[in-house]
There are 2 protein chains.
Amino acid sequence: MNTFFKKNQFFAWFLLLSFLPKTGSCQDVYAPWRQQWLKLADELKPALTETIETPERMVNIITDQNAFQGWKTVPASSLTDLYATSFKTQKTVTLDFGKHITGYFSFNVATLKGTPDAPLKFKLTFGEVPSEIETPYDPYKGDLSRAWLQDEYITVMDIPSLVTISRRMAFRYVKIELLGSSQYFDFKIENLRCRAVSSVKTKPSALQPNAHDMIKKIDSVGLNTLKECMQTVYEDGPKRDRRLWIGDLYLESLANSYSFKNHDLTKRCQYLLAGLSDKNGYLVGTVFETPEPHPQAGQHLLDYSFLYNVTLKEYLTATNDYQTANSLWPVAKVQAEIAKSYILPNGLMDFEKAKKEWWLFFDWKEELDKSTALQGLTIYTLKQTYELAKLLKKEHELKELPELIRKMSQAARTNLYDSKLGLFTSGSKKQVSYASQIWMVLANVTSPAEAKLALRNITSHKEAVIPGAPYLYHFFISALIESGLKTEAKEALINYWGGMVKKGADTFWEVYDPNDAYLSPYHFFPINSYCHAWSCTPVYFIRKYPDIFQ
Amino acid sequence: MNTFFKKNQFFAWFLLLSFLPKTGSCQDVYAPWRQQWLKLADELKPALTETIETPERMVNIITDQNAFQGWKTVPASSLTDLYATSFKTQKTVTLDFGKHITGYFSFNVATLKGTPDAPLKFKLTFGEVPSEIETPYDPYKGDLSRAWLQDEYITVMDIPSLVTISRRMAFRYVKIELLGSSQYFDFKIENLRCRAVSSVKTKPSALQPNAHDMIKKIDSVGLNTLKECMQTVYEDGPKRDRRLWIGDLYLESLANSYSFKNHDLTKRCQYLLAGLSDKNGYLVGTVFETPEPHPQAGQHLLDYSFLYNVTLKEYLTATNDYQTANSLWPVAKVQAEIAKSYILPNGLMDFEKAKKEWWLFFDWKEELDKSTALQGLTIYTLKQTYELAKLLKKEHELKELPELIRKMSQAARTNLYDSKLGLFTSGSKKQVSYASQIWMVLANVTSPAEAKLALRNITSHKEAVIPGAPYLYHFFISALIESGLKTEAKEALINYWGGMVKKGADTFWEVYDPNDAYLSPYHFFPINSYCHAWSCTPVYFIRKYPDIFQ
């Protein structure tokens, strides 16, 4: 690899510099490396660890207005009874596997009486949380494909039979309903199980014995979340989307570095994203593995693209894998060039242009004005990219960055900071949001005192646009730590992720608003992912900063 | 095989004669032959002929009170449009394959626009007749397993994808409904097809060119029916039950002898039934092939058991396969012994005893008194068995039969014939039914004139119990031919089977009452089989008796 890069260096940079500005060009700016990146990604594809999981108990799921989303489980009859008794007399059962599982569900059907003379029909419903089992799905009103909901009908033609659901399911609960059987024979179901899969192969170290009890719980749920999402790529969620996004990769790789240390998965995902980028060097926000690796064409997220650079820098710091960092440096450099191309002469990002040309995510929050957050994230990214360049001794390639960062920081302070409020505002309506404070603090454009003030003020600001999802909450905790608000960081982490734990989370959720259990960016809460990668980062905070959290 | 039988002859007959009366005995009366029978059955298992069938057109199924069961098809948009157009805009389509098909349905899903980012969910409904597509199945009120109904839900996780329904379906129509898709990509379906299977490998000869037009149509529909039911056994119906029954075997093998001439299938089925009989020599009415060949334990049908002997005799006549007939002679002999054991000293069958110990089928007709029919069938069976014995030069083994037949015939005439009515009656209430006349005529206990009279009288008898299914109608046509009522036989065949043809039958139905399109022995007409083996016998009549029917 190194030899390859040396040999092709001249040609490569010629290509990169020649074609970068021409976004419509059919020349591939990564031509010298792309096939090698894809090959390496493929070689790094992990074999999955398989374990056979069995249900822990049978439950009924009943309404309870005090329970999360109005549903809770209560014990039902025993598994021994389930296995010994005619399923025709049971008809509907709900199993609780006791924890979140990602894998392939199966069971046996065996004759109890008579000779089977007809097929059986079952409906199976898999849920990560109890509400998914009992909430009717139809008529379906959600925005995302109805097919993500994990209900499957199966016809069993032969008895005895091993029934395996070919679709990989993510669940803790399974409801089995008998929809068709014959009066001329009886049967039982046996050996309910799930072949659970994950690419996690190691056990992370234990926390300090005297760690806060809730911190231990949060760490444990975070580890489960991460483990479930670590498959042949870092998936965003094992139930829904089930694919690699740059933003999730960034957060998962941080948590992984402080827990399972499966750095090869991070490496694979970085290569995969690089290999599947556009010919003009733009990264695609999300890629798919099957039937063969391919990007979601046209899915360009500016903030995610920037975080690719941060991911690579963090990866290098965690692993000292200079070979990979050097190999992928062209990608980081292109992203920095992209960032530069949006900086106006006054040092502010051209938000309107960026908004037109990219998806700016930042958070699930429709009303959020993202201009200040974009300014902060860009500064942060350029700083991290420059750090990466220095580690690779390539700062000469981006020697304009320090001055650009200074100019952008000054512009932010001048134009976006409201010293009367002690807060950053965003947009012409001077919107006050968590996102703006977070990214300005992380960009380090203020004095330490102003940073503390902004983060304290935002929590008491009545009209502040609050985070819509744990994704942004991660950066909030980061900003609190960055500004030295250690107690507040711990409190915020315990309140937010501990809130999910108290509500029964086995894995952390894609969406969590402490005041609205039914919030869904997709307008149907059962289709939310309840095991979502971007929510796993307490693992990172708790383990990276034991003095704060343990 | 012959050597084997000669060597074991003494031991075999010793066993047979020693253990036959002890029905509870754990000794196997067929011990010397059973494994060989099963081995031969297995060796004769046919490889299926596969053909790829494609839909002929797209249709809409709409209500029409003049159509069969209230539904008819009308043309919809073209297949070219279907394949070229976004399926998201079509959502629901119904395909018409133009004929009945038994096989494995598949189609391709291909991207039309964007990158697939979510699974698809479809509901597929397969119907032999239009009503099956549009009648709601739930809440299900039928007697047989709901799982026989051919609706399947599928989730397609990857796109592009080849979707194959693993369950073998029997259908002419398929409705495809889109239940889940993503707003972020569009797709089309392509290459709709069915891998059709049948063990038919030959084409039967054409009818006489000047044959009656409806006779040609009936013959054609009958051939289709038989072909679809001829799989690795003679199935009763490819949609429902999908297994070998003695009664269906008898009728299918008759039709086969005059059409496809796949005598090995008849041979295989006879061996399979023999091999899977009870240890006391009783045949089981129906057997299954998977996961390994096994009988439906305890399913004893007296009339079907008797027809096994008739099947064997017909098979020998059609093939001159003396080896098989000799090999299976012990089974025929046991069935004759069973018959004998129910004959009362007065020459009548002990109907009450038989009814207690056996399922007496004869017809789907709850109110039918079956005692006279049983008397007739028993006489018929003993005559046929004696014919078989003579062909095998084994009449000495059943030398009591001629006298028994004479005595039973006399008893029937004396006790069951009402000379004033010119009809046979059945039971203490002197029920008048088609079944009684049919079996008495076939048993040949009357003069030719009386036979003709009974069959003519029954058609005009207002309180007569009419046939409930084509199965009994077969024997009605047989009886008409037997008594020389050729015109009536042709008329009856044209009226009855032609009635189905006029109502749109592609294959003949399990149940057909010209006056009640919704009749179902299972209390839900969509679960009836609309391609049913026992309805295929016009093929036999038309081709065996060209002078009558062509």
# chains A, B, ... in the order shown; residues from 1 in each chain; ligands from 1
$ residues_around --residues "stretch 510-525 of chain B" --least-positions-apart "2" --cutoff "8 Å" --atoms "only C-alpha atoms" --output "tab-separated table (two decimals) with C-alpha atoms, in the first residue's frame"
chain	number	residue	atom	x	y	z
B	68	PHE	CA	-69.78	-17.62	-11.09
B	69	GLN	CA	-69.73	-16.74	-7.40
B	141	LYS	CA	-65.14	-19.08	9.50
B	142	GLY	CA	-64.17	-22.20	7.60
B	143	ASP	CA	-63.60	-25.67	9.01
B	144	LEU	CA	-60.24	-26.45	7.42
B	364	TRP	CA	-70.03	-34.88	0.43
B	468	GLY	CA	-72.97	-33.33	-3.60
B	469	ALA	CA	-69.74	-33.55	-5.52
B	470	PRO	CA	-68.34	-34.63	-8.88
B	496	TYR	CA	-72.82	-31.38	-15.27
B	499	GLY	CA	-72.02	-26.50	-16.52
B	500	MET	CA	-68.64	-25.86	-14.90
B	508	PHE	CA	-62.87	-29.03	-12.65
B	527	ILE	CA	-61.23	-22.86	0.59
B	528	ASN	CA	-62.83	-25.36	-1.81
B	529	SER	CA	-60.39	-26.85	-4.27
B	530	TYR	CA	-61.11	-25.65	-7.80
B	531	CYS	CA	-58.78	-28.12	-9.43
B	532	HIS	CA	-59.72	-31.46	-8.02
B	533	ALA	CA	-58.65	-34.86	-9.21
B	534	TRP	CA	-61.92	-36.61	-8.67
B	535	SER	CA	-63.57	-34.28	-11.15
$ closest_atom_pairs --of "stretch 350-386 of chain B" --to "stretch 391-404 of chain B" --cutoff "12 Å" --atoms "only C-alpha atoms" --output "tab-separated table"
residue	atom	partner	partner_atom	distance
B:Thr378	CA	B:Leu404	CA	10.5
B:Ile379	CA	B:Leu404	CA	8.6
B:Tyr380	CA	B:Leu401	CA	11.4
B:Thr381	CA	B:Leu401	CA	10.6
B:Leu382	CA	B:Leu401	CA	6.8
B:Lys383	CA	B:Pro402	CA	7.7
B:Gln384	CA	B:Leu401	CA	10.5
B:Thr385	CA	B:Leu398	CA	8.9
B:Tyr386	CA	B:Glu395	CA	6.4
$ interface_residues --of "chain B" --to "chain A" --cutoff "10 Å" --atoms "only C-alpha atoms" --output "PyMOL selection string"
chain B and resi 114-123+138-140+143-161+166-168+178-184+240-243+286-288+290-291+294-299
$ atom_distance --atom1 "atom CA of A:Glu228" --atom2 "atom CA of A:Phe260"
12.1 Å
$ closest_residue --among "B:Lys390, B:Lys420, B:Arg268, B:Arg406" --to "B:Lys45" --atoms "only C-alpha atoms"
B:Arg268
$ residues_around --residues "stretch 127-137 of chain A" --least-positions-apart "5" --cutoff "7 Å" --atoms "only C-alpha atoms" --output "PyMOL selection string"
chain A and resi 61+69+71-72+100+170-175+526+530
$ residues_around --residues "A:Leu312" --least-positions-apart "5" --cutoff "9 Å" --atoms "only C-alpha atoms" --output "JSON, numbers by chain"
{"A": [250, 267, 270, 307, 317, 324, 325, 328, 329, 332, 385, 388]}
$ write_last_selection --atoms "N, CA and C atoms" --output "compact mmCIF listing (two decimals), in the first residue's frame"
# COMPACT_ATOMS: atom_id res chain seq x y z
N TYR A 250 -18.92 8.05 13.20
CA TYR A 250 -18.10 8.90 14.07
C TYR A 250 -18.37 8.59 15.54
N LYS A 267 -11.81 1.09 10.58
CA LYS A 267 -10.97 1.15 9.38
C LYS A 267 -11.78 0.76 8.15
N GLN A 270 -14.33 3.42 7.15
CA GLN A 270 -13.71 4.60 6.54
C GLN A 270 -13.32 4.31 5.08
N LEU A 307 -17.51 15.51 9.46
CA LEU A 307 -17.17 14.61 10.59
C LEU A 307 -16.33 13.41 10.14
N THR A 317 -5.47 8.87 16.29
CA THR A 317 -5.08 9.09 17.68
C THR A 317 -5.24 7.81 18.50
N THR A 324 -3.23 3.80 7.36
CA THR A 324 -4.62 4.07 6.97
C THR A 324 -4.87 5.58 6.87
N ALA A 325 -4.37 6.31 7.83
CA ALA A 325 -4.61 7.76 7.82
C ALA A 325 -3.98 8.39 6.59
N LEU A 328 -6.04 7.55 3.50
CA LEU A 328 -7.33 8.25 3.38
C LEU A 328 -7.18 9.77 3.43
N TRP A 329 -5.98 10.23 3.58
CA TRP A 329 -5.75 11.68 3.64
C TRP A 329 -6.34 12.44 2.44
N ALA A 332 -9.82 13.40 3.32
CA ALA A 332 -9.90 14.48 4.31
C ALA A 332 -9.58 15.82 3.65
N THR A 385 -8.94 18.81 11.18
CA THR A 385 -8.26 18.42 9.95
C THR A 385 -6.81 18.90 9.99
N LEU A 388 -4.91 16.68 12.18
CA LEU A 388 -4.63 15.44 11.43
C LEU A 388 -3.45 15.66 10.47
$ atom_distance --atom1 "atom CA of A:Asp506" --atom2 "atom CA of A:Val221"
5.7 Å
$ residues_around --residues "B:Ile338" --least-positions-apart "2" --cutoff "10 Å" --atoms "only C-alpha atoms" --output "NGL selection string"
:B and (20-21 or 281-282 or 302 or 305-306 or 332-336 or 340-343)
$ select_by_dssp --residues "stretch 150-340 of chain B" --states "strand (DSSP E)" --output "number ranges by chain"
B: 151-156, 161-164, 169-180, 186-198, 244-245, 286-288, 294-295
$ residues_around --residues "A:Thr164" --least-positions-apart "4" --cutoff "7 Å" --atoms "only C-alpha atoms" --output "list in words"
Phe105, Ser106 and Phe107 of chain A
$ decode --residues "stretch 118-205 of chain A" --atoms "C-alpha atoms" --output "CSV table (one decimal), in the first residue's frame"
chain,number,residue,atom,x,y,z
A,118,ALA,CA,-52.8,-29.1,6.8
A,119,PRO,CA,-50.4,-26.2,7.0
A,120,LEU,CA,-50.2,-23.8,9.9
A,121,LYS,CA,-50.2,-20.0,9.6
A,122,PHE,CA,-48.6,-17.7,12.1
A,123,LYS,CA,-48.1,-14.0,12.5
A,124,LEU,CA,-45.0,-13.0,14.3
A,125,THR,CA,-44.4,-9.5,15.6
A,126,PHE,CA,-41.0,-8.4,16.8
A,127,GLY,CA,-40.5,-5.4,19.0
A,128,GLU,CA,-37.6,-3.6,20.6
A,129,VAL,CA,-40.0,-2.0,23.1
A,130,PRO,CA,-43.4,-3.3,24.3
A,131,SER,CA,-45.4,-0.7,22.4
A,132,GLU,CA,-44.2,-2.1,19.0
A,133,ILE,CA,-45.9,-5.4,19.9
A,134,GLU,CA,-49.4,-4.0,20.7
A,135,THR,CA,-49.7,-0.8,18.6
A,136,PRO,CA,-51.7,-1.5,15.4
A,137,TYR,CA,-49.6,-0.7,12.4
A,138,ASP,CA,-52.4,-0.3,9.9
A,139,PRO,CA,-53.7,1.8,8.3
A,140,TYR,CA,-50.1,2.9,8.3
A,141,LYS,CA,-49.4,6.7,8.6
A,142,GLY,CA,-45.7,6.8,9.0
A,143,ASP,CA,-43.2,8.4,6.5
A,144,LEU,CA,-40.8,5.6,6.2
A,145,SER,CA,-41.5,2.3,4.5
A,146,ARG,CA,-44.1,0.2,6.3
A,147,ALA,CA,-41.9,-2.8,5.6
A,148,TRP,CA,-39.4,-1.7,8.4
A,149,LEU,CA,-42.0,-2.7,10.9
A,150,GLN,CA,-41.1,-6.2,12.0
A,151,ASP,CA,-44.3,-8.2,11.5
A,152,GLU,CA,-44.1,-11.3,9.4
A,153,TYR,CA,-46.7,-13.9,8.3
A,154,ILE,CA,-45.5,-17.4,7.8
A,155,THR,CA,-47.1,-20.5,6.4
A,156,VAL,CA,-45.7,-23.8,7.7
A,157,MET,CA,-46.4,-26.5,5.1
A,158,ASP,CA,-44.8,-29.5,6.8
A,159,ILE,CA,-44.9,-30.6,10.4
A,160,PRO,CA,-42.6,-31.4,12.1
A,161,SER,CA,-40.7,-28.4,10.8
A,162,LEU,CA,-37.9,-26.0,11.7
A,163,VAL,CA,-39.2,-22.5,11.1
A,164,THR,CA,-36.6,-19.8,10.5
A,165,ILE,CA,-37.4,-16.2,9.7
A,166,SER,CA,-34.9,-15.3,7.0
A,167,ARG,CA,-35.1,-11.6,7.7
A,168,ARG,CA,-32.7,-10.5,10.5
A,169,MET,CA,-34.8,-9.1,13.3
A,170,ALA,CA,-33.9,-6.6,16.1
A,171,PHE,CA,-36.0,-7.2,19.2
A,172,ARG,CA,-36.5,-8.1,22.8
A,173,TYR,CA,-40.1,-9.2,22.5
A,174,VAL,CA,-41.8,-11.5,20.0
A,175,LYS,CA,-45.5,-12.1,19.8
A,176,ILE,CA,-46.6,-15.3,18.1
A,177,GLU,CA,-50.2,-15.5,16.9
A,178,LEU,CA,-51.7,-18.7,15.4
A,179,LEU,CA,-53.8,-17.7,12.4
A,180,GLY,CA,-54.5,-21.1,10.9
A,181,SER,CA,-54.5,-24.7,12.0
A,182,SER,CA,-56.4,-27.9,11.5
A,183,GLN,CA,-59.0,-29.4,13.8
A,184,TYR,CA,-57.6,-32.9,12.9
A,185,PHE,CA,-54.2,-32.6,14.7
A,186,ASP,CA,-52.6,-30.8,17.5
A,187,PHE,CA,-49.1,-29.4,17.8
A,188,LYS,CA,-46.7,-27.6,20.1
A,189,ILE,CA,-43.9,-25.2,19.4
A,190,GLU,CA,-40.5,-25.9,20.8
A,191,ASN,CA,-37.0,-24.6,21.0
A,192,LEU,CA,-37.7,-20.9,20.4
A,193,ARG,CA,-34.4,-19.3,19.9
A,194,CYS,CA,-32.5,-16.6,18.0
A,195,ARG,CA,-29.1,-16.9,16.4
A,196,ALA,CA,-27.8,-13.5,17.5
A,197,VAL,CA,-25.1,-11.8,15.5
A,198,SER,CA,-22.6,-9.0,16.2
A,199,SER,CA,-19.0,-8.3,15.2
A,200,VAL,CA,-18.1,-7.6,18.8
A,201,LYS,CA,-15.5,-10.2,19.9
A,202,THR,CA,-14.1,-8.6,23.1
A,203,LYS,CA,-15.4,-7.7,26.6
A,204,PRO,CA,-14.7,-4.1,27.7
A,205,SER,CA,-13.1,-3.5,31.1
